[in-house]
$ cat run.txt   # compact mmCIF, C-alpha atoms
# COMPACT_ATOMS: atom_id res chain seq x y z
CA MET A 18 3.78 114.05 102.32
CA THR A 19 1.10 112.09 104.17
CA THR A 20 -1.73 109.81 103.14
CA PRO A 21 -4.46 110.76 105.64
CA ASN A 22 -6.91 108.02 106.56
CA LEU A 23 -5.50 105.55 104.06
CA SER A 24 -7.17 102.22 104.80
CA ILE A 25 -5.37 99.06 103.70
CA ALA A 26 -6.95 95.62 104.10
CA ILE A 27 -5.05 92.34 103.90
CA PRO A 28 -7.30 89.25 103.98
CA LEU A 29 -6.13 86.17 105.85
CA PHE A 30 -7.20 82.55 105.42
CA GLU A 31 -5.97 79.13 106.45
CA ARG A 32 -2.69 78.08 104.82
CA VAL A 33 -1.72 81.57 103.72
CA THR A 34 1.89 82.21 102.70
CA ALA A 35 3.13 84.53 105.43
CA LEU A 36 5.52 86.71 103.43
CA ASP A 37 2.83 87.38 100.80
CA ALA A 38 1.00 89.31 103.51
CA ILE A 39 3.85 90.50 105.71
CA GLY A 40 6.09 91.83 102.92
CA PRO A 41 3.52 94.40 101.73
CA TYR A 42 2.48 95.05 105.34
CA GLU A 43 6.02 95.97 106.39
CA THR A 44 6.23 98.45 103.53
CA LEU A 45 2.76 100.00 103.46
CA GLN A 46 2.20 100.31 107.21
CA ARG A 47 5.07 102.78 107.33
CA LEU A 48 3.35 105.30 105.06
CA PRO A 49 2.26 108.25 107.22
CA GLY A 50 -1.49 108.18 107.73
CA ALA A 51 -1.89 104.56 106.67
CA THR A 52 -3.76 101.96 108.70
CA VAL A 53 -3.42 98.27 107.86
CA THR A 54 -6.13 95.86 108.97
CA PHE A 55 -5.88 92.11 108.66
CA VAL A 56 -9.36 90.82 107.83
CA GLY A 57 -10.95 87.40 107.47
CA GLU A 58 -14.20 85.50 107.33
CA ARG A 59 -13.85 85.53 111.12
CA THR A 60 -11.56 87.22 113.59
CA GLY A 61 -8.75 85.32 115.22
CA GLU A 62 -5.82 83.20 114.16
CA PHE A 63 -5.12 81.77 110.73
CA ARG A 64 -2.19 79.42 110.30
CA SER A 65 0.40 79.75 107.54
CA ASP A 66 0.78 77.21 104.76
CA ASN A 67 3.10 74.95 106.75
CA GLY A 68 1.20 75.51 109.99
CA PHE A 69 4.22 76.88 111.84
CA LEU A 70 3.06 80.49 112.07
CA GLY A 71 -0.21 82.06 113.13
CA LEU A 72 -1.44 85.44 111.89
CA ILE A 73 -4.34 87.28 113.51
CA ALA A 74 -7.30 88.83 111.71
CA ASP A 75 -8.60 91.72 113.80
CA ALA A 76 -11.74 92.31 111.74
CA GLU A 77 -14.24 90.44 109.63
CA TYR A 78 -14.79 91.35 105.99
CA ASP A 79 -17.96 93.32 106.66
CA ASP A 80 -16.13 95.41 109.26
CA VAL A 81 -13.95 96.90 106.51
CA PRO A 82 -16.34 97.41 103.58
CA HIS A 83 -14.51 100.24 101.80
CA PRO A 84 -10.72 99.95 102.10
CA ASP A 85 -8.62 102.17 99.88
CA VAL A 86 -6.23 99.33 99.11
CA ILE A 87 -6.65 95.55 99.19
CA VAL A 88 -3.69 93.17 99.13
CA VAL A 89 -4.73 89.53 98.65
CA PRO A 90 -1.89 87.16 99.59
CA GLY A 91 -1.40 83.70 98.17
CA GLY A 92 -0.60 80.30 99.53
CA VAL A 93 -1.87 76.75 99.38
CA GLY A 94 -5.06 78.00 101.02
CA THR A 95 -6.13 79.86 97.89
CA ARG A 96 -7.20 76.50 96.44
CA ALA A 97 -10.20 76.52 98.76
CA LEU A 98 -10.93 80.18 98.00
CA VAL A 99 -11.04 79.50 94.26
CA GLY A 100 -12.61 76.07 94.17
CA GLU A 101 -15.83 76.87 96.01
CA PRO A 102 -17.94 79.85 97.13
CA HIS A 103 -16.30 81.78 99.95
CA PRO A 104 -17.14 84.98 101.88
CA ILE A 105 -14.08 86.68 100.38
CA HIS A 106 -15.76 86.64 96.96
CA ASP A 107 -18.64 88.94 97.85
CA TRP A 108 -16.40 91.19 99.88
CA LEU A 109 -13.86 91.59 97.07
CA THR A 110 -16.55 92.27 94.51
CA ARG A 111 -18.20 94.97 96.61
CA ALA A 112 -15.02 96.49 98.01
CA HIS A 113 -13.33 96.75 94.62
CA GLU A 114 -16.02 99.19 93.50
CA THR A 115 -14.51 101.86 95.75
CA THR A 116 -10.85 100.86 96.20
CA ARG A 117 -8.05 102.94 94.86
CA PHE A 118 -6.16 99.74 94.12
CA THR A 119 -7.03 96.06 94.43
CA THR A 120 -3.89 93.95 94.40
CA SER A 121 -2.56 90.44 94.90
CA VAL A 122 0.65 88.61 95.64
CA CYS A 123 1.53 85.15 94.32
CA THR A 124 -1.57 82.94 93.97
CA GLY A 125 -3.71 85.68 95.47
CA SER A 126 -4.26 86.62 91.83
CA LEU A 127 -6.29 83.42 91.44
CA VAL A 128 -8.78 84.85 93.92
CA LEU A 129 -9.00 88.11 91.99
CA ALA A 130 -9.52 86.11 88.81
CA ALA A 131 -12.15 83.92 90.43
CA VAL A 132 -14.36 86.95 91.03
CA GLY A 133 -13.83 88.32 87.53
CA LEU A 134 -11.41 91.15 88.27
CA LEU A 135 -8.78 89.85 85.83
CA ASP A 136 -10.99 88.82 82.92
CA GLY A 137 -9.03 89.35 79.69
CA LEU A 138 -6.17 91.12 81.50
CA THR A 139 -2.52 90.21 81.72
CA ALA A 140 -1.64 89.20 85.26
CA THR A 141 1.06 87.40 87.16
CA THR A 142 1.26 84.82 89.91
CA HIS A 143 3.65 82.19 91.16
CA TRP A 144 5.17 80.47 88.11
CA GLY A 145 3.64 77.16 89.18
CA ALA A 146 0.11 78.56 88.86
CA TYR A 147 0.17 80.06 85.34
CA ASP A 148 -2.14 77.41 83.92
CA ARG A 149 -4.60 77.81 86.77
CA LEU A 150 -4.63 81.57 86.27
CA ALA A 151 -5.26 81.17 82.54
CA GLY A 152 -8.16 78.84 83.29
CA LEU A 153 -9.75 81.62 85.35
CA GLY A 154 -9.82 84.09 82.46
CA ALA A 155 -6.55 86.00 82.82
CA GLU A 156 -3.52 86.07 80.54
CA PRO A 157 -0.49 84.94 82.58
CA THR A 158 2.82 86.72 82.24
CA SER A 159 6.15 86.17 83.97
CA ASP A 160 6.58 89.88 84.75
CA ARG A 161 7.31 90.49 88.42
CA VAL A 162 4.62 93.18 88.82
CA VAL A 163 1.74 93.74 86.37
CA GLU A 164 -0.47 96.80 86.67
CA HIS A 165 -3.67 97.91 84.98
CA LEU A 166 -4.20 101.33 86.46
CA ASP A 167 -7.34 101.95 84.43
CA HIS A 168 -8.84 98.90 86.16
CA ARG A 169 -7.18 99.77 89.50
CA VAL A 170 -5.66 96.28 89.62
CA ILE A 171 -2.06 95.26 90.29
CA THR A 172 -0.74 91.70 90.57
CA ALA A 173 2.65 90.56 91.84
CA ALA A 174 4.41 87.27 91.16
CA GLY A 175 5.66 84.86 93.80
CA VAL A 176 6.14 85.79 97.46
CA SER A 177 9.02 88.30 97.58
CA SER A 178 7.63 90.32 94.67
CA GLY A 179 4.97 91.59 97.04
CA ILE A 180 7.56 93.99 98.42
CA ASP A 181 8.23 95.32 94.91
CA MET A 182 4.51 95.84 94.42
CA ALA A 183 4.16 97.59 97.77
CA LEU A 184 6.90 100.01 96.81
CA ARG A 185 5.12 100.74 93.53
CA LEU A 186 1.90 101.27 95.50
CA SER A 187 3.75 103.70 97.75
CA GLU A 188 4.72 105.68 94.67
CA LEU A 189 1.17 105.65 93.30
CA LEU A 190 -0.37 106.61 96.62
CA VAL A 191 2.16 109.32 97.50
CA ASP A 192 5.17 109.82 95.21
CA ASP A 193 8.46 108.25 94.23
CA VAL A 194 10.35 109.85 97.10
CA ALA A 195 7.95 108.25 99.56
CA ALA A 196 8.50 104.88 97.87
CA LYS A 197 12.26 105.30 98.08
CA ALA A 198 11.96 106.29 101.73
CA MET A 199 9.98 103.12 102.41
CA GLN A 200 12.61 101.09 100.57
CA LEU A 201 15.38 102.59 102.65
CA MET A 202 13.41 102.22 105.88
CA ILE A 203 13.09 98.46 105.39
CA GLU A 204 16.61 98.33 103.88
CA TYR A 205 15.30 96.49 100.84
CA ASP A 206 18.51 96.09 98.84
CA PRO A 207 18.45 92.52 97.48
CA GLN A 208 21.82 90.93 96.82
CA PRO A 209 21.04 87.20 96.82
CA PRO A 210 23.94 84.76 97.01
CA PHE A 211 22.50 82.65 94.18
CA ASP A 212 20.90 83.33 90.81
CA ALA A 213 18.02 80.87 91.12
CA GLY A 214 15.03 83.10 91.63
CA ASN A 215 13.28 82.22 88.38
CA VAL A 216 12.66 79.03 86.43
CA GLU A 217 15.04 79.88 83.60
CA ALA A 218 17.97 80.61 85.89
CA ALA A 219 17.44 77.78 88.37
CA GLY A 220 18.23 74.75 86.20
CA ASP A 221 17.03 71.16 86.23
CA ASP A 222 18.79 70.05 89.42
CA VAL A 223 17.23 72.88 91.42
CA MET A 224 13.80 72.16 89.93
CA THR A 225 14.09 68.48 90.82
CA ARG A 226 14.95 69.33 94.42
CA LEU A 227 12.12 71.88 94.58
CA ILE A 228 9.58 69.29 93.43
CA GLU A 229 10.90 66.86 96.04
CA TYR A 230 10.56 69.43 98.81
CA SER A 231 7.12 70.53 97.64
CA GLN A 232 5.80 66.97 97.71
CA ASP A 233 7.09 66.55 101.24
CA LYS A 234 5.03 69.57 102.41
CA SER A 235 1.87 69.22 100.31
$ encode --input "run.txt" --output "structure tokens"
Amino acid sequence: MTTPNLSIAIPLFERVTALDAIGPYETLQRLPGATVTFVGERTGEFRSDNGFLGLIADAEYDDVPHPDVIVVPGGVGTRALVGEPHPIHDWLTRAHETTRFTTSVCTGSLVLAAVGLLDGLTATTHWGAYDRLAGLGAEPTSDRVVEHLDHRVITAAGVSSGIDMALRLSELLVDDVAAKAMQLMIEYDPQPPFDAGNVEAAGDDVMTRLIEYSQDKS
């Protein structure tokens, strides 16, 4: 099956977390008939959260007014998108009126919440941003992917969960066989060498080291 003329928009901004955008991109761009456009308040390069990697926005927000799917990535840069008026706010508000699904990965959910798309809804984000998400009117949950299909909104937790969400989107947009084909195509078969992918499993020593590393890069 194909998805003719399926338009997918992924907004970029300074200090974006690369995998939040690239994980869903690698999955969704393989759906037959899909076109993925990286958009921004301007065209050109946006640097990742540590500054090592540059991603290119090929279009401005107004160039893609009616995408079928929006995937808002997270990253340190979402602080600026939430803390003050930003062009992404008007674009999200208008574009969501006609999307099939408006989604987020990691702290991208804070941006959805900031424009009122998560008011009173359960939603997920990176575990370190639960309080911030609650302060923006959503009800945080630790679930890896949270969907409200009646609102056409899906949120994914931290970073790698964006791939899970993209596979679920593939199912919703086409069918489960398409989603499984995408999973096989990217050989997404996680078998991590450690069980430390959530706060409960990680333990105090891992958390202490994480805080140390985070402070070094903030």
$ closest_atom_pairs --input "run.txt" --of "stretch 76-112 of chain A" --to "stretch 151-174 of chain A" --cutoff "10 Å" --atoms "all atoms listed in the file" --output "CSV"
residue,atom,partner,partner_atom,distance
A:Val86,CA,A:Arg169,CA,9.7
A:Ile87,CA,A:Val170,CA,9.6
A:Val88,CA,A:Thr172,CA,9.2
A:Val89,CA,A:Thr172,CA,9.3
A:Pro90,CA,A:Ala173,CA,9.6
A:Gly91,CA,A:Ala174,CA,9.8
A:Val99,CA,A:Leu153,CA,9.2
$ atom_distance --input "run.txt" --atom1 "atom CA of A:Leu201" --atom2 "atom CA of A:Thr44"
10.1 Å
$ atom_distance --input "run.txt" --atom1 "atom CA of A:Gly94" --atom2 "atom CA of A:Pro41"
18.5 Å
$ atom_distance --input "run.txt" --atom1 "atom CA of A:Asn67" --atom2 "atom CA of A:Arg32"
6.9 Å
$ residues_around --input "run.txt" --residues "A:Ser177" --least-positions-apart "2" --cutoff "9 Å" --atoms "only C-alpha atoms" --output "JSON, numbers by chain"
{"A": [36, 37, 40, 122, 123, 173, 174, 175, 179, 180, 181]}
$ residues_around --input "run.txt" --residues "A:Ser65" --least-positions-apart "6" --cutoff "12 Å" --atoms "all atoms listed in the file" --output "PDB file with C-alpha atoms, in the frame of the given file"
ATOM      1  CA  LEU A  29      -6.130  86.170 105.850  1.00  0.00           C
ATOM      2  CA  PHE A  30      -7.200  82.550 105.420  1.00  0.00           C
ATOM      3  CA  GLU A  31      -5.970  79.130 106.450  1.00  0.00           C
ATOM      4  CA  ARG A  32      -2.690  78.080 104.820  1.00  0.00           C
ATOM      5  CA  VAL A  33      -1.720  81.570 103.720  1.00  0.00           C
ATOM      6  CA  THR A  34       1.890  82.210 102.700  1.00  0.00           C
ATOM      7  CA  ALA A  35       3.130  84.530 105.430  1.00  0.00           C
ATOM      8  CA  LEU A  36       5.520  86.710 103.430  1.00  0.00           C
ATOM      9  CA  ASP A  37       2.830  87.380 100.800  1.00  0.00           C
ATOM     10  CA  ALA A  38       1.000  89.310 103.510  1.00  0.00           C
ATOM     11  CA  ILE A  39       3.850  90.500 105.710  1.00  0.00           C
ATOM     12  CA  GLY A  71      -0.210  82.060 113.130  1.00  0.00           C
ATOM     13  CA  LEU A  72      -1.440  85.440 111.890  1.00  0.00           C
ATOM     14  CA  ILE A  73      -4.340  87.280 113.510  1.00  0.00           C
ATOM     15  CA  PRO A  90      -1.890  87.160  99.590  1.00  0.00           C
ATOM     16  CA  GLY A  91      -1.400  83.700  98.170  1.00  0.00           C
ATOM     17  CA  GLY A  92      -0.600  80.300  99.530  1.00  0.00           C
ATOM     18  CA  VAL A  93      -1.870  76.750  99.380  1.00  0.00           C
ATOM     19  CA  GLY A  94      -5.060  78.000 101.020  1.00  0.00           C
ATOM     20  CA  THR A  95      -6.130  79.860  97.890  1.00  0.00           C
TER      21      THR A  95
END
$ axis_aligned_box --input "run.txt" --around "stretch 55-58 of chain A" --padding-each-side "8 Å" --output "JSON"
{"center_x": -10.0, "center_y": 88.8, "center_z": 108.0, "size_x": 24.3, "size_y": 22.6, "size_z": 17.3}
$ residues_around --input "run.txt" --residues "stretch 100-111 of chain A" --least-positions-apart "5" --cutoff "8 Å" --atoms "only C-alpha atoms" --output "PDB file with C-alpha atoms, in the coordinates of the input"
ATOM      1  CA  GLY A  57     -10.950  87.400 107.470  1.00  0.00           C
ATOM      2  CA  GLU A  58     -14.200  85.500 107.330  1.00  0.00           C
ATOM      3  CA  TYR A  78     -14.790  91.350 105.990  1.00  0.00           C
ATOM      4  CA  ASP A  79     -17.960  93.320 106.660  1.00  0.00           C
ATOM      5  CA  PRO A  82     -16.340  97.410 103.580  1.00  0.00           C
ATOM      6  CA  VAL A 128      -8.780  84.850  93.920  1.00  0.00           C
ATOM      7  CA  LEU A 129      -9.000  88.110  91.990  1.00  0.00           C
ATOM      8  CA  ALA A 131     -12.150  83.920  90.430  1.00  0.00           C
ATOM      9  CA  VAL A 132     -14.360  86.950  91.030  1.00  0.00           C
TER      10      VAL A 132
END
$ closest_residue --input "run.txt" --among "A:Gly220, A:Leu48, A:Val53, A:Thr141" --to "A:Lys197" --atoms "only C-alpha atoms"
A:Leu48
$ closest_residue --input "run.txt" --among "A:Leu184, A:Leu150, A:Val216, A:Leu190" --to "A:Met202" --atoms "only C-alpha atoms"
A:Leu184
$ closest_residue --input "run.txt" --among "A:Asp80, A:Asp136, A:Val176, A:Pro210" --to "A:Thr124" --atoms "only C-alpha atoms"
A:Val176
$ residues_near_point --input "run.txt" --point "(-10.1, 100.9, 99.0)" --cutoff "6 Å" --atoms "only C-alpha atoms" --output "ChimeraX atom specification"
/A:83-86,115-117
$ write_last_selection --input "run.txt" --atoms "C-alpha atoms" --output "PDB file, in the coordinates of the input"
ATOM      1  CA  HIS A  83     -14.510 100.240 101.800  1.00  0.00           C
ATOM      2  CA  PRO A  84     -10.720  99.950 102.100  1.00  0.00           C
ATOM      3  CA  ASP A  85      -8.620 102.170  99.880  1.00  0.00           C
ATOM      4  CA  VAL A  86      -6.230  99.330  99.110  1.00  0.00           C
ATOM      5  CA  THR A 115     -14.510 101.860  95.750  1.00  0.00           C
ATOM      6  CA  THR A 116     -10.850 100.860  96.200  1.00  0.00           C
ATOM      7  CA  ARG A 117      -8.050 102.940  94.860  1.00  0.00           C
TER       8      ARG A 117
END
$ residues_around --input "run.txt" --residues "A:Phe55" --least-positions-apart "2" --cutoff "6 Å" --atoms "all atoms listed in the file" --output "number ranges by chain"
A: 26-28, 74-75
$ decode --input "run.txt" --residues "stretch 35-73 of chain A" --atoms "N, CA and C atoms" --output "mmCIF file, in the first residue's frame"
data_model
loop_
_atom_site.group_PDB
_atom_site.id
_atom_site.type_symbol
_atom_site.label_atom_id
_atom_site.label_comp_id
_atom_site.auth_asym_id
_atom_site.auth_seq_id
_atom_site.Cartn_x
_atom_site.Cartn_y
_atom_site.Cartn_z
ATOM 1 N N ALA A 35 19.465 15.707 17.866
ATOM 2 C CA ALA A 35 19.450 15.197 16.499
ATOM 3 C C ALA A 35 18.582 13.948 16.325
ATOM 4 N N LEU A 36 18.731 12.973 17.219
ATOM 5 C CA LEU A 36 18.004 11.716 17.038
ATOM 6 C C LEU A 36 16.495 11.906 17.189
ATOM 7 N N ASP A 37 16.069 12.912 17.940
ATOM 8 C CA ASP A 37 14.635 13.193 18.055
ATOM 9 C C ASP A 37 14.024 13.444 16.682
ATOM 10 N N ALA A 38 14.793 14.083 15.812
ATOM 11 C CA ALA A 38 14.323 14.377 14.457
ATOM 12 C C ALA A 38 14.668 13.258 13.487
ATOM 13 N N ILE A 39 15.889 12.738 13.586
ATOM 14 C CA ILE A 39 16.379 11.795 12.592
ATOM 15 C C ILE A 39 15.778 10.399 12.776
ATOM 16 N N GLY A 40 15.493 9.995 14.015
ATOM 17 C CA GLY A 40 14.871 8.691 14.232
ATOM 18 C C GLY A 40 13.544 8.564 13.504
ATOM 19 N N PRO A 41 12.588 9.482 13.754
ATOM 20 C CA PRO A 41 11.329 9.445 12.995
ATOM 21 C C PRO A 41 11.538 9.639 11.498
ATOM 22 N N TYR A 42 12.469 10.516 11.126
ATOM 23 C CA TYR A 42 12.747 10.730 9.699
ATOM 24 C C TYR A 42 13.152 9.428 9.015
ATOM 25 N N GLU A 43 14.072 8.691 9.608
ATOM 26 C CA GLU A 43 14.556 7.462 8.988
ATOM 27 C C GLU A 43 13.446 6.445 8.795
ATOM 28 N N THR A 44 12.469 6.471 9.665
ATOM 29 C CA THR A 44 11.340 5.548 9.558
ATOM 30 C C THR A 44 10.309 6.044 8.560
ATOM 31 N N LEU A 45 9.833 7.270 8.738
ATOM 32 C CA LEU A 45 8.697 7.768 7.970
ATOM 33 C C LEU A 45 9.047 8.083 6.526
ATOM 34 N N GLN A 46 10.292 8.487 6.246
ATOM 35 C CA GLN A 46 10.645 8.840 4.877
ATOM 36 C C GLN A 46 10.643 7.627 3.962
ATOM 37 N N ARG A 47 10.609 6.438 4.534
ATOM 38 C CA ARG A 47 10.608 5.220 3.739
ATOM 39 C C ARG A 47 9.203 4.769 3.347
ATOM 40 N N LEU A 48 8.175 5.397 3.903
ATOM 41 C CA LEU A 48 6.812 5.056 3.496
ATOM 42 C C LEU A 48 6.589 5.495 2.048
ATOM 43 N N PRO A 49 6.123 4.622 1.193
ATOM 44 C CA PRO A 49 5.892 5.011 -0.209
ATOM 45 C C PRO A 49 4.927 6.192 -0.300
ATOM 46 N N GLY A 50 5.310 7.189 -1.067
ATOM 47 C CA GLY A 50 4.461 8.361 -1.246
ATOM 48 C C GLY A 50 4.675 9.458 -0.230
ATOM 49 N N ALA A 51 5.556 9.226 0.744
ATOM 50 C CA ALA A 51 5.785 10.220 1.790
ATOM 51 C C ALA A 51 6.901 11.179 1.389
ATOM 52 N N THR A 52 6.717 12.444 1.759
ATOM 53 C CA THR A 52 7.747 13.458 1.594
ATOM 54 C C THR A 52 7.982 14.114 2.946
ATOM 55 N N VAL A 53 9.235 14.138 3.371
ATOM 56 C CA VAL A 53 9.595 14.749 4.649
ATOM 57 C C VAL A 53 10.317 16.066 4.382
ATOM 58 N N THR A 54 9.828 17.131 5.004
ATOM 59 C CA THR A 54 10.455 18.442 4.867
ATOM 60 C C THR A 54 10.888 18.935 6.233
ATOM 61 N N PHE A 55 12.154 19.298 6.339
ATOM 62 C CA PHE A 55 12.637 19.944 7.550
ATOM 63 C C PHE A 55 12.368 21.443 7.423
ATOM 64 N N VAL A 56 11.647 21.988 8.398
ATOM 65 C CA VAL A 56 11.220 23.383 8.345
ATOM 66 C C VAL A 56 11.802 24.143 9.534
ATOM 67 N N GLY A 57 11.798 25.480 9.424
ATOM 68 C CA GLY A 57 12.289 26.304 10.516
ATOM 69 C C GLY A 57 11.816 27.732 10.361
ATOM 70 N N GLU A 58 12.153 28.551 11.323
ATOM 71 C CA GLU A 58 11.789 29.966 11.221
ATOM 72 C C GLU A 58 12.538 30.639 10.070
ATOM 73 N N ARG A 59 13.607 29.975 9.624
ATOM 74 C CA ARG A 59 14.360 30.389 8.449
ATOM 75 C C ARG A 59 14.899 29.131 7.800
ATOM 76 N N THR A 60 15.339 29.234 6.572
ATOM 77 C CA THR A 60 16.020 28.106 5.955
ATOM 78 C C THR A 60 17.486 28.111 6.380
ATOM 79 N N GLY A 61 18.134 27.004 6.164
ATOM 80 C CA GLY A 61 19.550 26.920 6.486
ATOM 81 C C GLY A 61 19.838 26.014 7.665
ATOM 82 N N GLU A 62 21.036 26.137 8.179
ATOM 83 C CA GLU A 62 21.544 25.204 9.178
ATOM 84 C C GLU A 62 21.114 25.562 10.597
ATOM 85 N N PHE A 63 20.771 24.516 11.341
ATOM 86 C CA PHE A 63 20.550 24.616 12.784
ATOM 87 C C PHE A 63 21.470 23.599 13.445
ATOM 88 N N ARG A 64 22.135 24.013 14.501
ATOM 89 C CA ARG A 64 23.093 23.132 15.163
ATOM 90 C C ARG A 64 22.420 22.312 16.256
ATOM 91 N N SER A 65 22.916 21.111 16.459
ATOM 92 C CA SER A 65 22.368 20.221 17.485
ATOM 93 C C SER A 65 22.719 20.727 18.871
ATOM 94 N N ASP A 66 22.186 20.048 19.886
ATOM 95 C CA ASP A 66 22.300 20.559 21.254
ATOM 96 C C ASP A 66 23.732 20.704 21.730
ATOM 97 N N ASN A 67 24.649 19.873 21.251
ATOM 98 C CA ASN A 67 26.045 20.032 21.654
ATOM 99 C C ASN A 67 26.856 20.824 20.634
ATOM 100 N N GLY A 68 26.214 21.224 19.542
ATOM 101 C CA GLY A 68 26.875 22.026 18.528
ATOM 102 C C GLY A 68 27.710 21.250 17.535
ATOM 103 N N PHE A 69 27.807 19.935 17.702
ATOM 104 C CA PHE A 69 28.680 19.141 16.837
ATOM 105 C C PHE A 69 28.086 18.891 15.455
ATOM 106 N N LEU A 70 26.768 18.881 15.363
ATOM 107 C CA LEU A 70 26.091 18.461 14.131
ATOM 108 C C LEU A 70 25.167 19.556 13.634
ATOM 109 N N GLY A 71 25.175 19.775 12.332
ATOM 110 C CA GLY A 71 24.262 20.732 11.729
ATOM 111 C C GLY A 71 23.206 20.032 10.900
ATOM 112 N N LEU A 72 21.962 20.443 11.058
ATOM 113 C CA LEU A 72 20.847 19.939 10.252
ATOM 114 C C LEU A 72 20.288 21.110 9.448
ATOM 115 N N ILE A 73 19.806 20.820 8.248
ATOM 116 C CA ILE A 73 19.383 21.867 7.323
ATOM 117 C C ILE A 73 17.867 21.914 7.189
#
